[in-house]
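So this block is input.txt, compact mmCIF, C-alpha atoms:
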# COMPACT_ATOMS: atom_id res chain seq x y z
CA MET U 9 77.74 24.55 51.62
CA GLN U 10 76.30 27.47 49.75
CA ARG U 11 78.14 26.49 46.54
CA LEU U 12 76.94 22.93 46.79
CA PHE U 13 73.34 24.14 46.99
CA HIS U 14 73.69 26.19 43.80
CA PHE U 15 75.20 23.27 41.92
CA SER U 16 72.27 21.06 42.85
CA ARG U 17 69.77 23.53 41.50
CA LEU U 18 71.65 23.81 38.24
CA ALA U 19 71.61 20.03 37.85
CA LEU U 20 67.88 19.90 38.44
CA PHE U 21 67.30 22.57 35.84
CA ILE U 22 69.20 20.63 33.20
CA LEU U 23 67.38 17.40 33.99
CA SER U 24 64.00 19.04 33.82
CA GLY U 25 64.94 20.49 30.44
CA ILE U 26 65.72 17.01 29.15
CA GLY U 27 62.46 15.73 30.54
CA PHE U 28 60.53 18.41 28.72
CA THR U 29 62.21 17.54 25.43
CA LEU U 30 61.44 13.85 25.79
CA SER U 31 57.83 14.44 26.71
CA ALA U 32 57.16 16.79 23.80
CA GLN U 33 56.11 13.89 21.57
CA ALA U 34 54.90 11.56 24.28
CA ALA U 35 51.59 9.77 24.24
CA THR U 36 48.65 11.44 25.95
CA GLN U 37 47.29 9.70 29.03
CA GLY U 38 43.61 9.73 29.79
CA SER U 39 42.25 11.50 32.84
CA LEU U 40 39.64 10.32 35.33
CA GLY U 41 36.12 11.24 34.29
CA SER U 42 32.86 10.05 32.81
CA THR U 43 34.90 9.24 29.69
CA SER U 44 38.64 9.08 29.31
CA GLN U 45 40.72 9.58 26.19
CA GLY U 46 44.32 8.60 25.47
CA VAL U 47 46.39 9.10 22.34
CA ALA U 48 49.44 7.21 21.05
CA ASN U 49 51.61 8.40 18.19
CA ILE U 50 52.71 5.80 15.65
CA SER U 51 55.52 6.00 13.14
CA VAL U 52 57.44 3.79 10.73
CA THR U 53 60.03 4.44 8.05
CA LYS U 54 59.88 2.64 4.73
CA SER U 55 63.39 2.27 3.35
CA VAL U 56 64.43 3.40 -0.10
CA GLN U 57 65.12 0.11 -1.83
CA ALA U 58 65.01 -1.59 -5.19
CA GLN U 59 65.04 -5.14 -6.46
CA ILE U 60 65.58 -6.73 -9.84
CA SER U 61 64.24 -10.20 -10.41
CA ASP U 62 62.84 -12.60 -12.99
CA LEU U 63 65.99 -12.45 -15.12
CA SER U 64 66.71 -15.30 -17.47
CA ASP U 65 69.77 -16.36 -19.44
CA MET U 66 69.90 -15.32 -23.06
CA THR U 67 71.20 -17.99 -25.38
CA LEU U 68 71.61 -18.38 -29.10
CA ALA U 69 72.15 -22.01 -29.99
CA ASN U 70 74.13 -21.45 -33.17
CA TRP U 71 74.74 -18.84 -35.83
CA THR U 72 75.75 -19.37 -39.39
CA LEU U 73 76.77 -16.96 -42.05
CA GLY U 74 73.87 -15.11 -43.65
CA GLU U 75 71.53 -15.27 -40.65
CA GLY U 76 71.92 -11.56 -39.92
CA ALA U 77 71.95 -9.68 -36.65
CA VAL U 78 70.88 -11.33 -33.45
CA THR U 79 68.54 -9.91 -30.82
CA LEU U 80 68.08 -11.58 -27.45
CA TYR U 81 66.14 -10.25 -24.52
CA SER U 82 65.00 -10.95 -21.02
CA ASN U 83 62.01 -9.41 -19.32
CA VAL U 84 62.79 -8.32 -15.78
CA CYS U 85 60.89 -7.17 -12.76
CA ILE U 86 62.08 -3.88 -11.34
CA TYR U 87 60.68 -2.99 -7.94
CA SER U 88 61.54 0.36 -6.40
CA SER U 89 60.08 1.75 -3.21
CA THR U 90 60.12 5.15 -4.86
CA GLY U 91 58.85 3.95 -8.22
CA ASN U 92 62.00 5.40 -9.80
CA TYR U 93 65.38 3.92 -10.60
CA LYS U 94 68.55 4.07 -12.66
CA VAL U 95 70.36 1.10 -14.12
CA THR U 96 74.06 0.43 -14.50
CA ALA U 97 74.99 -2.49 -16.75
CA THR U 98 78.38 -4.13 -16.64
CA GLY U 99 79.68 -6.78 -19.00
CA SER U 100 82.26 -9.44 -18.30
CA GLY U 101 84.75 -8.08 -20.78
CA LEU U 102 87.81 -5.97 -20.13
CA LEU U 103 86.90 -3.11 -17.77
CA GLY U 104 83.30 -4.23 -17.84
CA ALA U 105 82.94 -4.10 -21.60
CA PHE U 106 79.93 -5.68 -23.26
CA THR U 107 81.68 -8.63 -24.83
CA ILE U 108 81.33 -12.37 -24.84
CA ALA U 109 84.33 -14.58 -25.24
CA SER U 110 85.44 -17.98 -26.36
CA GLY U 111 88.94 -18.46 -25.13
CA LEU U 112 90.96 -15.54 -26.40
CA ASN U 113 88.37 -14.62 -29.01
CA SER U 114 85.71 -12.08 -28.12
CA MET U 115 82.67 -10.54 -29.67
CA PRO U 116 81.02 -7.20 -28.74
CA TYR U 117 77.34 -6.76 -28.13
CA SER U 118 75.04 -3.86 -27.38
CA VAL U 119 72.64 -3.45 -24.49
CA THR U 120 69.33 -1.63 -24.72
CA TRP U 121 67.01 -0.99 -21.80
CA ASN U 122 63.29 -0.87 -22.30
CA ALA U 123 61.44 0.60 -19.31
CA GLY U 124 58.01 0.30 -20.79
CA GLY U 125 56.35 -0.77 -17.58
CA THR U 126 53.84 -3.50 -16.94
CA GLY U 127 52.19 -4.77 -20.09
CA ASN U 128 54.09 -2.38 -22.31
CA LEU U 129 57.46 -3.96 -23.07
CA ALA U 130 59.20 -3.77 -26.43
CA ASN U 131 62.59 -4.33 -28.05
CA THR U 132 63.33 -0.62 -28.25
CA GLY U 133 64.59 1.72 -25.57
CA THR U 134 67.65 3.42 -24.16
CA THR U 135 71.09 2.28 -25.27
CA LEU U 136 73.26 1.61 -22.25
CA SER U 137 76.98 2.21 -22.04
CA ALA U 138 79.03 -0.27 -20.07
CA ASN U 139 79.65 0.70 -16.47
CA THR U 140 77.70 3.91 -16.85
CA GLN U 141 74.58 4.75 -14.89
CA SER U 142 71.58 5.45 -17.06
CA ALA U 143 69.17 8.33 -16.85
CA GLY U 144 66.21 7.84 -14.56
CA PHE U 145 63.25 5.62 -15.24
CA THR U 146 59.91 5.98 -13.50
CA THR U 147 58.14 2.76 -14.35
CA ALA U 148 59.23 0.41 -11.57
CA THR U 149 56.49 -1.30 -9.68
CA THR U 150 55.84 -0.17 -6.14
CA ALA U 151 53.12 -2.69 -5.48
CA SER U 152 54.88 -6.03 -5.54
CA ALA U 153 58.53 -6.87 -5.02
CA THR U 154 58.20 -9.70 -7.53
CA CYS U 155 55.79 -8.04 -9.97
CA ASN U 156 53.10 -10.45 -8.84
CA GLY U 157 55.13 -13.41 -9.95
CA GLY U 158 56.73 -11.81 -12.98
CA GLY U 159 56.33 -13.02 -16.52
CA ALA U 160 55.91 -11.07 -19.70
CA SER U 161 52.61 -9.55 -18.66
CA ASN U 162 53.77 -8.45 -15.19
CA ASP U 163 57.41 -7.48 -15.58
CA THR U 164 58.26 -3.81 -15.85
CA ALA U 165 61.40 -3.71 -18.01
CA ARG U 166 63.24 -5.58 -20.72
CA VAL U 167 66.96 -5.85 -21.34
CA ILE U 168 67.83 -6.37 -24.99
CA VAL U 169 71.16 -7.72 -26.17
CA GLY U 170 72.07 -7.17 -29.79
CA ILE U 171 74.95 -8.64 -31.79
CA ALA U 172 75.64 -7.06 -35.13
CA SER U 173 75.82 -9.30 -38.17
CA SER U 174 79.21 -7.87 -38.99
CA ASP U 175 80.56 -8.82 -35.58
CA LEU U 176 79.18 -12.32 -35.91
CA THR U 177 80.67 -12.60 -39.37
CA SER U 178 84.11 -11.50 -38.27
CA ALA U 179 84.17 -13.56 -35.11
CA ALA U 180 86.43 -16.57 -35.15
CA SER U 181 84.62 -19.86 -35.40
CA SER U 182 84.82 -21.87 -32.26
CA SER U 183 83.75 -25.26 -31.05
CA THR U 184 83.15 -23.78 -27.61
CA PRO U 185 80.41 -21.18 -27.31
CA TYR U 186 80.96 -17.49 -26.76
CA THR U 187 79.76 -16.71 -23.24
CA GLY U 188 79.72 -13.85 -20.85
CA THR U 189 77.71 -12.24 -18.11
CA LEU U 190 75.77 -9.04 -17.94
CA THR U 191 75.30 -7.54 -14.51
CA MET U 192 72.58 -4.98 -13.92
CA LEU U 193 72.68 -2.74 -10.87
CA ILE U 194 69.42 -1.03 -10.02
CA THR U 195 69.63 2.13 -7.96
CA PRO U 196 66.43 3.70 -6.62
CA TYR U 197 66.17 7.45 -6.42
CA MET L 267 24.19 20.23 76.18
CA TRP L 268 22.53 22.42 73.58
CA ARG L 269 25.50 21.91 71.31
CA ARG L 270 25.19 18.14 71.56
CA LYS L 271 21.52 18.28 70.69
CA ARG L 272 22.22 20.41 67.62
CA ILE L 273 24.83 17.96 66.40
CA LEU L 274 22.46 15.03 66.82
CA ALA L 275 19.68 16.90 65.01
CA GLY L 276 22.02 17.70 62.11
CA ALA L 277 23.03 14.08 61.84
CA PHE L 278 19.40 13.02 61.85
CA TRP L 279 18.42 15.33 59.01
CA ALA L 280 21.47 14.40 56.98
CA LEU L 281 20.55 10.73 57.34
CA ALA L 282 16.93 11.41 56.48
CA LEU L 283 17.78 13.36 53.35
CA GLY L 284 20.19 10.68 52.25
CA LEU L 285 17.57 7.99 52.64
CA ALA L 286 15.05 10.10 50.76
CA ALA L 287 17.44 10.57 47.90
CA GLY L 288 18.00 6.84 47.79
CA MET L 289 14.29 6.14 47.78
CA PHE L 290 13.07 8.71 45.28
CA LEU L 291 15.99 9.38 42.91
CA PRO L 292 16.71 7.00 40.04
CA PRO L 293 19.42 4.51 41.01
CA GLU L 294 21.89 5.86 38.48
CA LEU L 295 21.72 9.27 40.16
CA ALA L 296 21.61 8.00 43.67
CA GLN L 297 24.85 6.04 43.23
CA ALA L 298 28.28 7.49 42.63
CA ALA L 299 28.82 8.63 39.05
CA ALA L 300 30.75 6.19 36.87
CA GLN L 301 34.37 7.12 36.50
CA VAL L 302 36.79 5.70 33.97
CA GLN L 303 40.42 6.28 33.08
CA ILE L 304 42.83 4.91 30.50
CA THR L 305 46.54 5.28 31.08
CA ASN L 306 49.91 3.70 30.37
CA LEU L 307 49.85 4.63 26.68
CA SER L 308 53.17 5.11 24.94
CA ASP L 309 54.23 6.13 21.49
CA VAL L 310 55.04 3.42 18.97
CA ASN L 311 58.00 3.78 16.64
CA PHE L 312 58.27 0.72 14.44
CA GLY L 313 61.64 1.88 13.15
CA SER L 314 62.73 1.11 9.64
CA TRP L 315 61.25 -1.56 7.40
CA GLY L 316 62.95 -3.01 4.35
CA LEU L 317 61.96 -5.33 1.57
CA GLY L 318 61.73 -8.92 2.77
CA ASP L 319 61.16 -7.97 6.40
CA PRO L 320 58.13 -9.56 8.10
CA ASP L 321 54.97 -7.92 9.36
CA LEU L 322 55.52 -5.31 12.04
CA THR L 323 53.52 -5.99 15.19
CA THR L 324 53.64 -4.46 18.63
CA HIS L 325 51.34 -4.05 21.58
CA LEU L 326 50.64 -1.61 24.37
CA ASP L 327 49.57 -2.96 27.73
CA LEU L 328 47.18 -0.40 29.13
CA CYS L 329 45.58 0.39 32.43
CA VAL L 330 41.82 0.58 32.10
CA TYR L 331 40.01 1.66 35.23
CA ALA L 332 36.23 1.62 35.56
CA GLY L 333 34.81 2.66 38.90
CA GLY L 334 31.61 4.09 40.23
CA ASN L 335 28.54 2.41 38.87
CA SER L 336 30.24 0.80 35.89
CA PRO L 337 29.39 -2.76 36.87
CA ALA L 338 32.01 -5.39 37.47
CA GLY L 339 34.81 -3.61 35.64
CA GLY L 340 32.84 -3.33 32.44
CA TYR L 341 33.52 -0.64 29.88
CA ALA L 342 33.40 0.28 26.21
CA ILE L 343 36.34 1.35 24.07
CA THR L 344 36.37 3.36 20.88
CA ALA L 345 39.54 3.57 18.77
CA SER L 346 39.97 6.21 16.10
CA GLY L 347 42.80 6.70 13.65
CA SER L 348 43.96 10.12 12.56
CA GLY L 349 42.11 11.16 9.43
CA GLY L 350 39.22 8.83 10.20
CA SER L 351 40.92 5.57 9.31
CA PHE L 352 43.62 3.30 10.65
CA ALA L 353 46.33 4.58 8.32
CA LEU L 354 49.68 6.28 8.75
CA ARG L 355 50.45 9.07 6.35
CA ASN L 356 53.38 10.57 4.51
CA GLY L 357 51.98 13.50 2.61
CA SER L 358 49.23 12.09 0.44
CA ASN L 359 50.58 8.55 0.69
CA GLN L 360 48.90 6.23 3.15
CA LEU L 361 49.95 3.07 4.95
CA PRO L 362 47.09 1.10 6.53
CA PHE L 363 47.47 -0.58 9.91
CA SER L 364 45.21 -2.80 11.93
CA ALA L 365 44.39 -2.74 15.63
CA SER L 366 42.90 -5.24 18.03
CA TRP L 367 41.81 -5.18 21.67
CA ASP L 368 42.35 -7.75 24.38
CA ASP L 369 40.35 -7.21 27.61
CA GLY L 370 41.84 -10.18 29.41
CA GLY L 371 42.50 -8.31 32.63
CA ALA L 372 45.48 -8.08 34.94
CA GLY L 373 47.90 -10.93 34.53
CA ASN L 374 45.87 -12.44 31.73
CA LEU L 375 46.80 -10.51 28.58
CA GLY L 376 47.91 -12.07 25.34
CA GLY L 377 44.92 -14.29 24.74
CA SER L 378 42.18 -13.69 22.25
CA SER L 379 41.53 -10.21 20.96
CA THR L 380 38.87 -8.39 18.99
CA THR L 381 39.62 -6.45 15.83
CA LEU L 382 38.93 -2.75 16.15
CA GLY L 383 37.48 -0.56 13.45
CA SER L 384 38.31 3.12 13.32
CA GLY L 385 35.52 5.02 15.06
CA GLY L 386 33.72 1.83 16.01
CA LYS L 387 32.69 1.31 19.61
CA LEU L 388 33.61 -1.99 21.20
CA ALA L 389 31.07 -2.44 24.00
CA ALA L 390 30.77 -4.96 26.80
CA GLN L 391 34.47 -5.15 27.55
CA VAL L 392 35.38 -6.52 30.95
CA ASN L 393 38.13 -6.92 33.53
CA ALA L 394 38.92 -3.26 34.07
CA ASN L 395 40.51 -2.43 37.37
CA THR L 396 37.82 -1.26 39.79
CA SER L 397 39.95 -0.13 42.69
CA SER L 398 42.98 1.73 41.35
CA PRO L 399 42.75 4.32 38.55
CA THR L 400 46.41 3.58 37.79
CA CYS L 401 46.14 -0.20 38.14
CA PHE L 402 48.58 0.02 41.05
CA LEU L 403 51.13 1.18 38.45
CA SER L 404 51.99 -2.40 37.56
CA SER L 405 48.95 -4.39 36.54
CA PRO L 406 47.67 -3.48 33.07
CA THR L 407 44.22 -4.80 32.27
CA ALA L 408 43.95 -4.50 28.48
CA ARG L 409 46.20 -4.84 25.47
CA LEU L 410 46.13 -2.85 22.24
CA THR L 411 47.90 -4.64 19.38
CA LEU L 412 49.00 -2.72 16.30
CA LYS L 413 50.07 -4.37 13.07
CA LEU L 414 51.56 -3.18 9.79
CA SER L 415 51.46 -5.95 7.20
CA ALA L 416 54.46 -6.70 5.00
CA THR L 417 52.14 -6.59 2.01
CA ASN L 418 51.09 -3.04 2.75
CA LEU L 419 54.64 -2.03 3.63
CA THR L 420 55.93 -3.45 0.36
CA ALA L 421 53.38 -1.46 -1.57
CA ALA L 422 54.04 1.77 0.32
CA LEU L 423 56.31 4.36 -1.21
CA ALA L 424 59.53 5.05 0.69
CA GLY L 425 59.36 7.60 3.46
CA THR L 426 58.41 8.11 7.08
CA TYR L 427 54.78 7.52 7.88
CA THR L 428 53.14 8.90 11.01
CA GLY L 429 49.73 8.92 12.60
CA THR L 430 47.87 8.54 15.86
CA ILE L 431 45.39 6.23 17.46
CA THR L 432 42.98 7.74 19.94
CA LEU L 433 41.33 5.51 22.51
CA THR L 434 38.16 6.73 24.15
CA LEU L 435 37.03 4.84 27.21
CA SER L 436 33.46 5.03 28.46
CA PRO L 437 31.31 3.11 30.94
CA ASN L 438 29.17 0.31 29.63

Could you render the structure as structure tokens?
Amino acid sequence: MQRLFHFSRLALFILSGIGFTLSAQAATQGSLGSTSQGVANISVTKSVQAQISDLSDMTLANWTLGEGAVTLYSNVCIYSSTGNYKVTATGSGLLGAFTIASGLNSMPYSVTWNAGGTGNLANTGTTLSANTQSAGFTTATTASATCNGGGASNDTARVIVGIASSDLTSAASSSTPYTGTLTMLITPY
Amino acid sequence: MWRRKRILAGAFWALALGLAAGMFLPPELAQAAAQVQITNLSDVNFGSWGLGDPDLTTHLDLCVYAGGNSPAGGYAITASGSGGSFALRNGSNQLPFSASWDDGGAGNLGGSSTTLGSGGKLAAQVNANTSSPTCFLSSPTARLTLKLSATNLTAALAGTYTGTITLTLSPN
């Protein structure tokens, strides 16, 4: 009987300890008086996230000898809940290489990332290597997930695809176009 | 016999003084002092919000008691956010929230509500409990609704935002 009594006290002690821990951040109840004041704590966590949108396909209708190098670009909206991000670009070539293909024939291209920010985009920037994460950029929008509808004046980055004249010259002629995909992975940090 | 007379005399004077107080003191002093109490508050953790999620809204059903000379369950409520505004904070970053008050009374919450401003007093509220300071532990009389808009959440930098809302109850 004596042992049972001691066990019960121990159990009560543990429970009261838990109760104290739970109540440490509890709301404050008002007390009876001429005025009464209560307080509630509020919290929310905003996730670390990013989004790329407003991409468009980049197409060159035709190329003939003597036309020189080709530059294509797409403005994109980069939203990051931290304002910062890194980009990893992957082509559809072998092992993610930046190539476009027509059947068995392929043609390399380069990818440049311009992180100029809203209203400050250009065709210059950081050269990306296939399948390799870039250095950090700090010009993502934090205000609107879609850059307020996107468009050249609202987007925050530009991806530039370049095909050298020499590569175009040496590429086999084809009745079917050279095509490929470029995948861009945005990672917030 | 003498003891009985003394008791009757004491009762007489007590009654006389009470009547005098009622006749000559202002009514607000002659009656019982107004007493109010707000309880049943709890903390609000909205959890995690991600891009594309909707507005975050929740409510607290509260017990508002107004006794004494606060007429007919009437009261005033003042809500104040930490830092002087309805905003949660993460360092120097802020995340605004809105708050509204429904004084529908026991069993009648969820109807129309009035938007609260931080530090602003919302007077002439009604339907407080007048008989139980704890609303019999089961009959809340007012509802506080808190809302974080998706627009503001989208624009907020990542992180955990915290704050408080303080409710001060007073007689009308």

Residue with smallest distance to L:Pro362 - pool U:Ile50, U:Val167, U:Leu136, U:Ala35, counting only C-alpha atoms: U:Ile50

Spatial sel., origin (58.8, -6.9, 9.5), limit 12 Å, only C-alpha atoms, listed as a list in words: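 Checking each residue against the 12 Å limit leaves Val52, Thr53, Lys54 and Ser55 of chain U; Phe312, Gly313, Ser314, Trp315, Gly316, Leu317, Gly318, Asp319, Pro320, Asp321, Leu322, Thr323, Thr324, Lys413, Leu414, Ser415, Ala416, Thr417, Asn418, Leu419 and Thr420 of chain L.
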
Any chance you could tabulate, as a Markdown table, the residues of chain L at most 8 Å from chain U with each one's nearest atom pair and distance in Å to one decimal, using all atoms listed in the file, in chain and rising number order?
| residue | atom | partner | partner_atom | distance |
| --- | --- | --- | --- | --- |
| L:Ala299 | CA | U:Ser42 | CA | 7.6 |
| L:Ala300 | CA | U:Ser42 | CA | 6.0 |
| L:Gln301 | CA | U:Ser42 | CA | 4.9 |
| L:Val302 | CA | U:Gly41 | CA | 5.6 |
| L:Gln303 | CA | U:Leu40 | CA | 4.7 |
| L:Ile304 | CA | U:Gly38 | CA | 4.9 |
| L:Thr305 | CA | U:Gln37 | CA | 4.9 |
| L:Asn306 | CA | U:Gln37 | CA | 6.7 |
| L:Leu307 | CA | U:Ala35 | CA | 5.9 |
| L:Ser308 | CA | U:Ala35 | CA | 5.0 |
| L:Asp309 | CA | U:Asn49 | CA | 4.8 |
| L:Val310 | CA | U:Ile50 | CA | 4.7 |
| L:Asn311 | CA | U:Ser51 | CA | 4.8 |
| L:Phe312 | CA | U:Val52 | CA | 4.9 |
| L:Gly313 | CA | U:Val52 | CA | 5.2 |
| L:Ser314 | CA | U:Thr53 | CA | 4.6 |
| L:Trp315 | CA | U:Lys54 | CA | 5.2 |
| L:Gly316 | CA | U:Ser55 | CA | 5.4 |
| L:Leu317 | CA | U:Gln57 | CA | 7.2 |
| L:Leu354 | CA | U:Ser51 | CA | 7.3 |
| L:Pro399 | CA | U:Leu40 | CA | 7.5 |
| L:Leu419 | CA | U:Lys54 | CA | 7.1 |
| L:Thr420 | CA | U:Ser152 | CA | 6.5 |
| L:Ala421 | CA | U:Ala151 | CA | 4.1 |
| L:Ala422 | CA | U:Thr150 | CA | 7.0 |
| L:Leu423 | CA | U:Ser89 | CA | 5.0 |
| L:Ala424 | CA | U:Lys54 | CA | 4.7 |
| L:Gly425 | CA | U:Lys54 | CA | 5.1 |
| L:Thr426 | CA | U:Thr53 | CA | 4.1 |
| L:Tyr427 | CA | U:Val52 | CA | 5.4 |
| L:Thr428 | CA | U:Ser51 | CA | 4.3 |
| L:Gly429 | CA | U:Ile50 | CA | 5.3 |
| L:Thr430 | CA | U:Asn49 | CA | 4.4 |
| L:Ile431 | CA | U:Ala48 | CA | 5.5 |
| L:Thr432 | CA | U:Val47 | CA | 4.4 |
| L:Leu433 | CA | U:Gly46 | CA | 5.2 |
| L:Thr434 | CA | U:Gln45 | CA | 4.3 |
| L:Leu435 | CA | U:Ser44 | CA | 5.0 |
| L:Ser436 | CA | U:Thr43 | CA | 4.6 |
| L:Pro437 | CA | U:Thr43 | CA | 7.2 |

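The protein and nucleic acid residues lying at most 7 Å from stretch 373-380 of chain L are Ser366, Trp367, Ser405, Ala408 and Arg409 of chain L, with all atoms listed in the file considered and sequence neighbours fewer than 6 positions away removed.
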
For atom CA of L:Ile343 and atom CA of L:Thr407, determine how far apart the two atoms are, in Å to one decimal place. 12.9 Å

Centre and edges of the stretch 184-188 of chain U box, axis-aligned, 3 Å extra per side, as lines of an AutoDock Vina configuration file:
center_x = 81.4
center_y = -18.8
center_z = -24.2
size_x = 9.4
size_y = 15.9
size_z = 12.8

Just the residues within 10 Å of U:Leu73, please, counting all atoms listed in the file, with nothing from its chain fewer than 5 positions along; format it as a list in words. Ser173, Ser174, Leu176, Thr177 and Ser178 of chain U

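Of the residues under consideration (U:Asn139, U:Thr79, U:Thr154, U:Thr164), U:Asn139 shows the shortest atom-to-atom contact distance to U:Thr191 when counting only C-alpha atoms.
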
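Put simply, atom CA of L:Asp369 is 10.9 Å away from atom CA of L:Asn395.
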
Selected residue, from U:Leu102, U:Val78, U:Ile60, U:Cys85, that lies nearest to U:Gly157 when counting all atoms listed in the file: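 Checking each candidate against U:Gly157, we get U:Cys85 as the closest.
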